[in-house]
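**Student:** Pasting entry.tsv here (TSV, C-alpha atoms):
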chain	number	residue	atom	x	y	z
H	552	MET	CA	-8.26	-4.06	-26.77
H	553	ALA	CA	-6.48	-6.77	-24.84
H	554	LEU	CA	-7.50	-8.53	-21.63
H	555	LEU	CA	-5.78	-8.46	-18.26
H	556	THR	CA	-6.68	-11.33	-15.94
H	557	ILE	CA	-5.61	-11.40	-12.29
H	558	GLU	CA	-5.85	-15.06	-11.24
H	559	ASN	CA	-6.10	-14.54	-7.49
H	560	LEU	CA	-8.41	-11.50	-7.55
H	561	PRO	CA	-12.01	-12.60	-8.11
H	562	GLY	CA	-13.74	-10.74	-10.92
H	563	ALA	CA	-10.53	-9.25	-12.24
H	564	VAL	CA	-10.78	-9.94	-15.96
H	565	LEU	CA	-10.74	-6.60	-17.67
H	566	THR	CA	-10.19	-4.87	-20.94
H	567	VAL	CA	-7.25	-2.50	-20.92
H	568	PRO	CA	-7.72	0.57	-23.12
H	569	ALA	CA	-4.91	1.42	-25.51
H	570	GLY	CA	-2.25	3.53	-23.81
H	571	ALA	CA	-3.52	2.94	-20.27
H	572	THR	CA	-1.29	1.53	-17.57
H	573	LEU	CA	-2.37	-1.73	-15.95
H	574	LEU	CA	-2.91	0.16	-12.69
H	575	ALA	CA	-5.18	2.73	-14.34
H	576	ALA	CA	-7.25	-0.05	-15.92
H	577	LEU	CA	-7.53	-1.90	-12.59
H	578	GLN	CA	-8.63	1.24	-10.78
H	579	ALA	CA	-11.09	2.19	-13.52
H	580	ALA	CA	-12.66	-1.26	-13.15
H	581	GLY	CA	-13.10	-0.64	-9.41
H	582	HIS	CA	-10.30	-2.85	-8.07
H	583	ASP	CA	-8.30	-1.63	-5.10
H	584	TRP	CA	-4.59	-2.15	-5.79
H	585	MET	CA	-1.64	-1.20	-3.60
H	586	HIS	CA	0.51	1.65	-4.91
H	587	ALA	CA	2.33	3.39	-2.07
H	588	CYS	CA	4.14	6.01	-4.15
H	589	GLY	CA	1.06	7.28	-5.95
H	590	ALA	CA	1.80	5.45	-9.21
H	591	LYS	CA	5.07	7.24	-9.89
H	592	GLY	CA	7.37	4.20	-10.26
H	593	ARG	CA	9.19	5.01	-7.02
H	594	CYS	CA	8.42	1.79	-5.16
H	595	THR	CA	7.49	-1.79	-5.98
H	596	THR	CA	4.21	-2.11	-4.10
H	597	CYS	CA	2.10	-2.21	-7.28
H	598	ARG	CA	4.00	-5.10	-8.81
H	599	LEU	CA	2.30	-7.91	-10.68
H	600	GLN	CA	3.64	-11.43	-11.09
H	601	VAL	CA	3.10	-12.11	-14.79
H	602	ARG	CA	2.19	-15.74	-15.47
H	603	THR	CA	1.61	-15.48	-19.23
H	604	GLY	CA	1.82	-12.70	-21.79
H	605	LEU	CA	4.92	-10.88	-20.54
H	606	GLU	CA	5.83	-10.29	-24.18
H	607	ASN	CA	2.51	-8.44	-24.65
H	608	LEU	CA	3.53	-5.63	-22.31
H	609	SER	CA	5.42	-2.46	-23.12
H	610	PRO	CA	9.20	-2.64	-22.59
H	611	PRO	CA	10.35	-2.16	-18.97
H	612	THR	CA	10.77	1.47	-17.97
H	613	ALA	CA	13.93	2.97	-16.47
H	614	ALA	CA	12.34	2.69	-13.01
H	615	GLU	CA	11.65	-1.01	-13.51
H	616	GLU	CA	15.18	-1.59	-14.78
H	617	ARG	CA	16.60	0.10	-11.67
H	618	TYR	CA	14.54	-2.16	-9.40
H	619	ARG	CA	15.59	-5.22	-11.40
H	620	ALA	CA	19.25	-4.27	-11.08
H	621	ALA	CA	18.78	-3.83	-7.32
H	622	GLY	CA	17.09	-7.24	-7.02
H	623	ARG	CA	13.73	-5.75	-5.98
H	624	LEU	CA	11.82	-6.73	-9.13
H	625	LEU	CA	12.05	-10.22	-10.61
H	626	ALA	CA	12.25	-10.93	-14.35
H	627	HIS	CA	8.60	-12.10	-14.41
H	628	GLU	CA	7.31	-9.09	-12.46
H	629	ARG	CA	6.18	-5.69	-13.71
H	630	LEU	CA	5.04	-2.51	-12.00
H	631	THR	CA	1.38	-1.95	-12.84
H	632	CYS	CA	1.90	1.82	-12.74
H	633	GLN	CA	4.52	1.55	-15.50
H	634	ALA	CA	3.45	-1.38	-17.70
H	635	ARG	CA	1.01	-0.98	-20.57
H	636	LEU	CA	-0.57	-3.68	-22.70
H	637	ALA	CA	0.89	-3.41	-26.18
H	638	ALA	CA	-0.89	-6.32	-27.86
H	639	GLY	CA	-2.38	-9.59	-26.65
H	640	ASP	CA	-3.58	-10.77	-23.27
H	641	VAL	CA	-1.79	-10.93	-19.92
H	642	VAL	CA	-2.46	-13.20	-16.95
H	643	GLY	CA	-0.92	-12.42	-13.58
H	644	ARG	CA	-1.18	-12.66	-9.82
H	645	VAL	CA	-1.00	-10.23	-6.92
H	646	PRO	CA	2.10	-11.19	-4.90
H	647	GLU	CA	1.34	-12.19	-1.32
H	648	ALA	CA	3.61	-9.43	0.00
H	649	THR	CA	1.52	-6.68	-1.63
H	650	GLN	CA	-1.99	-8.02	-1.03
H	651	LEU	CA	-4.25	-5.56	0.73
H	652	PRO	CA	-5.73	-6.76	4.04
H	653	HIS	CA	-9.30	-5.74	3.18
H	654	VAL	CA	-9.39	-7.44	-0.24
H	655	ARG	CA	-10.35	-11.10	-0.56
H	656	TYR	CA	-7.88	-13.02	-2.73
H	657	SER	CA	-8.27	-16.62	-3.86
Let me see the structure of the file written as structure tokens.
**Tutor:**
Amino acid sequence: MALLTIENLPGAVLTVPAGATLLAALQAAGHDWMHACGAKGRCTTCRLQVRTGLENLSPPTAAEERYRAAGRLLAHERLTCQARLAAGDVVGRVPEATQLPHVRYS
């Protein structure tokens, strides 16, 4: 299993089970993460800014490609409800725009 580290979310270094989305792994580890559409790939509120390991994620889904084409998802961002760890570790950050008000970020 590979590791997902969220740099600006204290305590967020977690093992992602094979086949699980990043969002599912974050929630299973007890982290509150914004996802306004219920993890259906219909918004961009669950996005993650990937700092390293972008190549270790599954290929972008059709939903992610649509948001990229519309300029709503940058090349170094992925939707946590869509992305899965394929192999290797990933390090990312919660974008300021999608940080939850009750969660303490560093």
**Student:** Do you have the atom CA of H:Leu555-atom CA of H:Pro611 distance handy?
**Tutor:** 17.3 Å
**Student:** Between H:Met552, H:Val654, H:Cys597, H:Ala626, which residue has the minimum interatomic distance to H:Ala571, considering only C-alpha atoms?
**Tutor:**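 Closest to H:Ala571 of all the choices is H:Met552.
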**Student:** Mind checking which residues fall within 7 Å of H:Leu630, counting only C-alpha atoms, ignoring those fewer than 2 positions away in the same chain, and posting them as a tab-separated table (two decimals) with C-alpha atoms, in the coordinates of the input?
**Tutor:**
chain	number	residue	atom	x	y	z
H	595	THR	CA	7.49	-1.79	-5.98
H	597	CYS	CA	2.10	-2.21	-7.28
H	598	ARG	CA	4.00	-5.10	-8.81
H	599	LEU	CA	2.30	-7.91	-10.68
H	615	GLU	CA	11.65	-1.01	-13.51
H	628	GLU	CA	7.31	-9.09	-12.46
H	632	CYS	CA	1.90	1.82	-12.74
H	633	GLN	CA	4.52	1.55	-15.50
H	634	ALA	CA	3.45	-1.38	-17.70
**Student:** Report as JSON the centre and the edge lengths, in Å to one decimal, of the axis-aligned box holding every listed atom of stretch 572-590 of chain H, padded by 5 Å on each side.
**Tutor:**
{"center_x": -4.5, "center_y": 2.2, "center_z": -9.8, "size_x": 27.2, "size_y": 20.1, "size_z": 25.5}
**Student:** Take atom CA of H:Leu608 and atom CA of H:Arg635 and report the distance between them in Å, one decimal.
**Tutor:**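 For atom CA of H:Leu608 relative to atom CA of H:Arg635, the distance reads 5.6 Å.
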**Student:** Taking the partial coordinates given, rebuild stretch 591-618 of chain H to contain N, CA and C atoms; return it as a tab-separated table (two decimals), in the coordinates of the input.
**Tutor:**
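selection_21.tsv, written as the output of this step:
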chain	number	residue	atom	x	y	z
H	591	LYS	N	3.98	6.49	-9.28
H	591	LYS	CA	5.07	7.24	-9.89
H	591	LYS	C	6.31	6.40	-10.20
H	592	GLY	N	6.23	5.07	-9.99
H	592	GLY	CA	7.37	4.20	-10.26
H	592	GLY	C	8.50	4.35	-9.26
H	593	ARG	N	8.17	4.78	-8.04
H	593	ARG	CA	9.19	5.01	-7.02
H	593	ARG	C	9.22	3.93	-5.95
H	594	CYS	N	8.42	2.90	-6.11
H	594	CYS	CA	8.42	1.79	-5.16
H	594	CYS	C	8.05	0.53	-5.94
H	595	THR	N	7.87	-0.56	-5.27
H	595	THR	CA	7.49	-1.79	-5.98
H	595	THR	C	6.20	-2.38	-5.42
H	596	THR	N	5.42	-1.58	-4.73
H	596	THR	CA	4.21	-2.11	-4.10
H	596	THR	C	3.10	-2.45	-5.10
H	597	CYS	N	3.14	-1.93	-6.29
H	597	CYS	CA	2.10	-2.21	-7.28
H	597	CYS	C	2.48	-3.35	-8.22
H	598	ARG	N	3.51	-4.09	-7.87
H	598	ARG	CA	4.00	-5.10	-8.81
H	598	ARG	C	2.99	-6.21	-9.05
H	599	LEU	N	3.13	-6.81	-10.21
H	599	LEU	CA	2.30	-7.91	-10.68
H	599	LEU	C	3.21	-9.04	-11.09
H	600	GLN	N	2.91	-10.25	-10.62
H	600	GLN	CA	3.64	-11.43	-11.09
H	600	GLN	C	2.97	-11.87	-12.38
H	601	VAL	N	3.67	-11.77	-13.49
H	601	VAL	CA	3.10	-12.11	-14.79
H	601	VAL	C	3.28	-13.60	-15.03
H	602	ARG	N	2.17	-14.30	-15.23
H	602	ARG	CA	2.19	-15.74	-15.47
H	602	ARG	C	2.29	-16.05	-16.96
H	603	THR	N	1.54	-15.33	-17.77
H	603	THR	CA	1.61	-15.48	-19.23
H	603	THR	C	1.41	-14.11	-19.87
H	604	GLY	N	2.01	-13.93	-21.03
H	604	GLY	CA	1.82	-12.70	-21.79
H	604	GLY	C	2.80	-11.59	-21.49
H	605	LEU	N	3.92	-11.91	-20.85
H	605	LEU	CA	4.92	-10.88	-20.54
H	605	LEU	C	5.35	-10.15	-21.81
H	606	GLU	N	5.42	-10.88	-22.91
H	606	GLU	CA	5.83	-10.29	-24.18
H	606	GLU	C	4.78	-9.32	-24.74
H	607	ASN	N	3.57	-9.33	-24.19
H	607	ASN	CA	2.51	-8.44	-24.65
H	607	ASN	C	2.49	-7.09	-23.96
H	608	LEU	N	3.44	-6.90	-23.04
H	608	LEU	CA	3.53	-5.63	-22.31
H	608	LEU	C	4.57	-4.71	-22.94
H	609	SER	N	4.43	-3.44	-22.66
H	609	SER	CA	5.42	-2.46	-23.12
H	609	SER	C	6.78	-2.83	-22.53
H	610	PRO	N	7.87	-2.35	-23.14
H	610	PRO	CA	9.20	-2.64	-22.59
H	610	PRO	C	9.33	-2.06	-21.17
H	611	PRO	N	10.15	-2.68	-20.32
H	611	PRO	CA	10.35	-2.16	-18.97
H	611	PRO	C	10.85	-0.72	-19.00
H	612	THR	N	10.36	0.07	-18.07
H	612	THR	CA	10.77	1.47	-17.97
H	612	THR	C	12.10	1.56	-17.22
H	613	ALA	N	12.68	2.76	-17.20
H	613	ALA	CA	13.93	2.97	-16.47
H	613	ALA	C	13.75	2.65	-14.99
H	614	ALA	N	12.60	2.99	-14.43
H	614	ALA	CA	12.34	2.69	-13.01
H	614	ALA	C	12.34	1.19	-12.78
H	615	GLU	N	11.68	0.45	-13.66
H	615	GLU	CA	11.65	-1.01	-13.51
H	615	GLU	C	13.05	-1.61	-13.66
H	616	GLU	N	13.81	-1.09	-14.59
H	616	GLU	CA	15.18	-1.59	-14.78
H	616	GLU	C	16.04	-1.34	-13.54
H	617	ARG	N	15.87	-0.19	-12.90
H	617	ARG	CA	16.60	0.10	-11.67
H	617	ARG	C	16.25	-0.89	-10.57
H	618	TYR	N	14.97	-1.19	-10.42
H	618	TYR	CA	14.54	-2.16	-9.40
H	618	TYR	C	15.02	-3.56	-9.72
